[in-house]
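For reference, start.cif is printed below; it contains mmCIF, C-alpha atoms.
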data_entry
loop_
_atom_site.label_atom_id
_atom_site.label_comp_id
_atom_site.auth_asym_id
_atom_site.auth_seq_id
_atom_site.Cartn_x
_atom_site.Cartn_y
_atom_site.Cartn_z
CA MET A 1 -23.89 1.13 -20.51
CA THR A 2 -20.26 2.16 -20.86
CA THR A 3 -17.83 -0.45 -22.11
CA PHE A 4 -14.52 -0.68 -20.27
CA ILE A 5 -11.27 -1.98 -21.64
CA ALA A 6 -9.18 -3.95 -19.20
CA ASN A 7 -5.81 -5.57 -19.49
CA GLU A 8 -5.14 -9.26 -18.87
CA THR A 9 -3.87 -8.53 -15.34
CA ASP A 10 -7.19 -6.87 -14.45
CA LEU A 11 -9.13 -9.86 -15.78
CA GLN A 12 -6.91 -12.32 -13.92
CA HIS A 13 -7.40 -10.48 -10.62
CA LEU A 14 -11.15 -10.25 -11.19
CA ARG A 15 -11.30 -14.01 -11.69
CA THR A 16 -9.48 -14.42 -8.37
CA ALA A 17 -12.10 -12.16 -6.72
CA ILE A 18 -14.88 -14.28 -8.25
CA ASN A 19 -13.20 -17.42 -6.87
CA LEU A 20 -13.07 -15.77 -3.44
CA ALA A 21 -16.82 -15.18 -3.78
CA ARG A 22 -17.26 -18.90 -4.50
CA ARG A 23 -15.26 -19.67 -1.37
CA ALA A 24 -17.41 -17.27 0.69
CA ARG A 25 -20.53 -19.04 -0.53
CA ALA A 26 -19.03 -22.46 0.22
CA ASN A 27 -18.25 -21.18 3.73
CA GLY A 28 -21.92 -20.29 4.29
CA ASN A 29 -21.76 -16.59 3.47
CA HIS A 30 -23.03 -14.34 0.73
CA PRO A 31 -21.11 -14.79 -2.54
CA PHE A 32 -18.76 -11.81 -2.55
CA GLY A 33 -14.96 -11.70 -2.66
CA SER A 34 -12.32 -8.98 -2.91
CA LEU A 35 -8.58 -8.61 -3.12
CA LEU A 36 -6.07 -5.80 -2.88
CA VAL A 37 -3.24 -5.49 -5.37
CA ASP A 38 -0.21 -3.26 -4.92
CA GLU A 39 1.44 -1.02 -7.50
CA ASN A 40 3.50 -4.00 -8.76
CA ASN A 41 0.35 -6.05 -9.43
CA GLN A 42 1.04 -8.32 -6.46
CA ILE A 43 -1.88 -9.52 -4.34
CA ILE A 44 -1.27 -8.25 -0.82
CA LEU A 45 -4.61 -9.14 0.82
CA GLU A 46 -7.76 -11.15 0.16
CA ALA A 47 -11.13 -11.13 1.88
CA GLU A 48 -14.50 -12.74 1.53
CA ASN A 49 -17.94 -11.91 2.82
CA THR A 50 -18.51 -12.98 6.45
CA VAL A 51 -22.02 -11.63 7.08
CA ASN A 52 -23.44 -14.99 8.16
CA THR A 53 -20.51 -16.69 9.88
CA GLU A 54 -19.52 -13.59 11.86
CA ARG A 55 -23.13 -12.46 12.38
CA ASP A 56 -22.08 -8.99 11.22
CA CYS A 57 -24.17 -7.09 8.70
CA THR A 58 -21.08 -5.00 7.82
CA GLY A 59 -19.03 -8.11 6.97
CA HIS A 60 -18.98 -7.36 3.25
CA ALA A 61 -15.88 -8.56 1.40
CA GLU A 62 -14.71 -5.03 0.54
CA THR A 63 -15.21 -3.69 4.06
CA ASN A 64 -13.43 -6.72 5.53
CA LEU A 65 -10.57 -6.15 3.09
CA ILE A 66 -10.29 -2.42 3.84
CA ARG A 67 -10.42 -3.06 7.59
CA LYS A 68 -7.45 -5.46 7.32
CA ALA A 69 -5.60 -3.25 4.85
CA SER A 70 -5.85 -0.11 6.96
CA GLN A 71 -4.50 -2.01 9.97
CA ARG A 72 -1.52 -3.39 8.03
CA PHE A 73 -0.52 -0.68 5.56
CA ASP A 74 0.11 3.04 5.63
CA ARG A 75 -2.20 5.22 3.59
CA ALA A 76 0.69 6.06 1.22
CA ILE A 77 0.78 2.39 0.20
CA LEU A 78 -3.01 2.07 -0.08
CA GLU A 79 -3.17 5.09 -2.38
CA LYS A 80 -1.20 3.09 -4.94
CA CYS A 81 -3.40 -0.01 -4.67
CA THR A 82 -6.27 -1.40 -6.73
CA LEU A 83 -9.20 -3.17 -5.11
CA TYR A 84 -10.69 -5.96 -7.25
CA THR A 85 -14.11 -7.24 -6.33
CA SER A 86 -16.55 -9.80 -7.65
CA THR A 87 -19.50 -7.40 -7.48
CA GLU A 88 -19.76 -3.61 -7.57
CA PRO A 89 -19.19 -2.15 -4.09
CA CYS A 90 -22.28 -0.99 -2.19
CA ALA A 91 -22.46 2.51 -0.72
CA MET A 92 -21.06 1.34 2.64
CA CYS A 93 -18.10 -0.38 1.01
CA ALA A 94 -17.48 2.55 -1.34
CA GLY A 95 -17.27 4.82 1.70
CA ALA A 96 -14.74 2.51 3.35
CA ILE A 97 -12.69 2.38 0.14
CA HIS A 98 -12.70 6.17 -0.07
CA TRP A 99 -11.60 6.65 3.53
CA SER A 100 -8.81 4.08 3.14
CA GLY A 101 -7.15 6.01 0.32
CA VAL A 102 -7.36 3.18 -2.24
CA SER A 103 -7.34 4.91 -5.61
CA ARG A 104 -8.74 2.34 -8.04
CA VAL A 105 -11.62 -0.16 -8.01
CA VAL A 106 -12.28 -2.86 -10.61
CA TYR A 107 -15.43 -4.99 -10.40
CA ALA A 108 -17.19 -7.80 -12.28
CA LEU A 109 -20.97 -7.90 -11.67
CA SER A 110 -22.71 -4.51 -11.65
CA GLU A 111 -25.05 -3.21 -8.97
CA ASP A 112 -27.85 -3.38 -11.56
CA GLY A 113 -26.99 -7.01 -12.30
CA LEU A 114 -27.11 -7.91 -8.62
CA TYR A 115 -30.29 -5.86 -8.17
CA ALA A 116 -31.99 -7.98 -10.85
CA MET A 117 -30.89 -11.21 -9.14
CA THR A 118 -32.16 -10.17 -5.69
CA ASN A 119 -35.76 -9.55 -6.71
CA SER A 120 -35.24 -5.85 -7.38
CA GLY A 121 -33.18 -5.45 -4.24
CA SER A 122 -35.87 -6.67 -1.88
CA HIS A 123 -34.26 -9.98 -0.84
CA LEU A 124 -34.02 -9.89 2.97
CA ASP A 125 -30.39 -11.11 2.95
CA ASN A 126 -29.33 -8.40 0.52
CA GLU A 127 -31.56 -5.38 0.52
CA THR A 128 -29.58 -3.82 -2.30
CA MET A 129 -29.39 -0.04 -2.55
CA SER A 130 -29.78 1.24 -6.06
CA LEU A 131 -26.73 3.47 -5.69
CA PRO A 132 -23.81 2.78 -8.03
CA CYS A 133 -20.35 3.20 -6.49
CA ARG A 134 -19.48 5.81 -9.12
CA GLU A 135 -22.14 8.07 -7.61
CA VAL A 136 -20.67 7.64 -4.13
CA PHE A 137 -17.12 8.26 -5.35
CA ALA A 138 -18.24 11.29 -7.36
CA ARG A 139 -19.18 13.01 -4.08
CA CYS A 140 -15.82 12.29 -2.43
CA VAL A 141 -13.07 14.87 -2.09
CA ARG A 142 -10.49 12.78 -3.96
CA PRO A 143 -10.86 10.79 -7.15
CA VAL A 144 -11.28 7.02 -7.17
CA GLU A 145 -10.95 5.42 -10.59
CA VAL A 146 -13.70 2.87 -11.26
CA VAL A 147 -13.47 0.19 -13.94
CA GLY A 148 -16.41 -2.11 -14.49
CA PRO A 149 -18.52 -3.98 -15.03
CA LEU A 150 -16.12 -6.52 -16.55
CA LEU A 151 -16.61 -10.29 -16.85
CA GLU A 152 -20.18 -9.66 -15.74
CA GLU A 153 -21.42 -13.10 -16.81
CA GLU A 154 -18.64 -14.80 -14.82
CA GLY A 155 -19.45 -12.59 -11.85
CA ARG A 156 -23.13 -13.50 -12.11
CA THR A 157 -22.52 -17.27 -12.03
CA VAL A 158 -21.45 -17.32 -8.38
CA HIS A 159 -24.80 -15.74 -7.41
CA GLU A 160 -26.98 -18.11 -9.44
CA GLY A 161 -29.48 -19.91 -7.21
CA PHE A 162 -28.30 -18.11 -4.07
CA TRP A 163 -30.88 -15.33 -3.78
CA ILE A 164 -33.95 -17.57 -4.12
#
Entire entry expressed as structure tokens:
Amino acid sequence: MTTFIANETDLQHLRTAINLARRARANGNHPFGSLLVDENNQIILEAENTVNTERDCTGHAETNLIRKASQRFDRAILEKCTLYTSTEPCAMCAGAIHWSGVSRVVYALSEDGLYAMTNSGSHLDNETMSLPCREVFARCVRPVEVVGPLLEEEGRTVHEGFWI
């Protein structure tokens, strides 16, 4: 596994994403949270998973965030943003990130880490695809920088006991 070096700002924003995941879980949803940070390291949007409360299988934190972001901001702004997320984006969310123009993604818990916690991806509430976001982004026409996994143990804690 590749080791990534992050700065303190990255770690701070990841911890905020993990706290958003805790909030999603407390609100009755799957434990995922994301936030969007502008080029000045200011949080401009937050989102949590809403799969259960909205009865929407596409209500992943990253997709919810990108939906709101694309409605509020021009692509020129999004291209300078970083998306921080508590868990590596799935293929659906990676596609949404790509189409939005967001140029950088930083995540805590890896797809492999989540896969292990969801009974090898077979949990009915999270039938995880074994498809890392780097592979999705590698097939896109523009580059998306990916940093992660970082703070993987902290990212894992919000999932503990949830996928039983």
For Glu152 (chain A): contacts at 12 Å, all atoms listed in the file, fewer than 5 positions along chain excluded, given as a list in words
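Returned residues: Thr3, Phe4, Leu11, Leu14, Arg15, Ile18, Thr85, Ser86, Thr87, Glu88, Val106, Tyr107, Ala108, Leu109, Ser110, Glu111, Asp112, Gly113, Leu114, Thr157, Val158 and His159 of chain A.
Contact shell of region 160-162 of chain A at 10 Å (all atoms listed in the file; same-chain neighbours under 6 positions omitted): Arg25, His30, Pro31, Met117 and Thr118 of chain A.
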By how many Å are CA of Val147 (chain A) and CA of Thr50 (chain A) apart?
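Distance between the two atoms: 24.8 Å.
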Once the PyMOL selection byres ((chain A and resi 97-104) around 7) is applied to the coordinates I shared, what remains selected? I want it as a ChimeraX atom specification.
/A:66,70,75,78-83,93-96,105-106,144-146
Between A:Ala69, A:Cys133, A:Ala91, A:Ala26, which is the closest to Glu46 (chain A) once you count all atoms listed in the file?
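Result for the nearest residue to Glu46 (chain A): A:Ala69.
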Hey, which of A:Val51, A:Asn29, A:Gly148, A:Asn64 ends up closest to Arg134 (chain A)? Count all atoms listed in the file.
A:Gly148
Carefully work through the PyMOL selection byres ((chain A and resi 33) around 6) for this structure and note down the residues it includes, as a list in words.
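Answer for the PyMOL selection byres ((chain A and resi 33) around 6): Ala17, Leu20, Ala21, Phe32, Ser34, Ala47, Glu48, Ala61, Thr85 and Ser86 of chain A.
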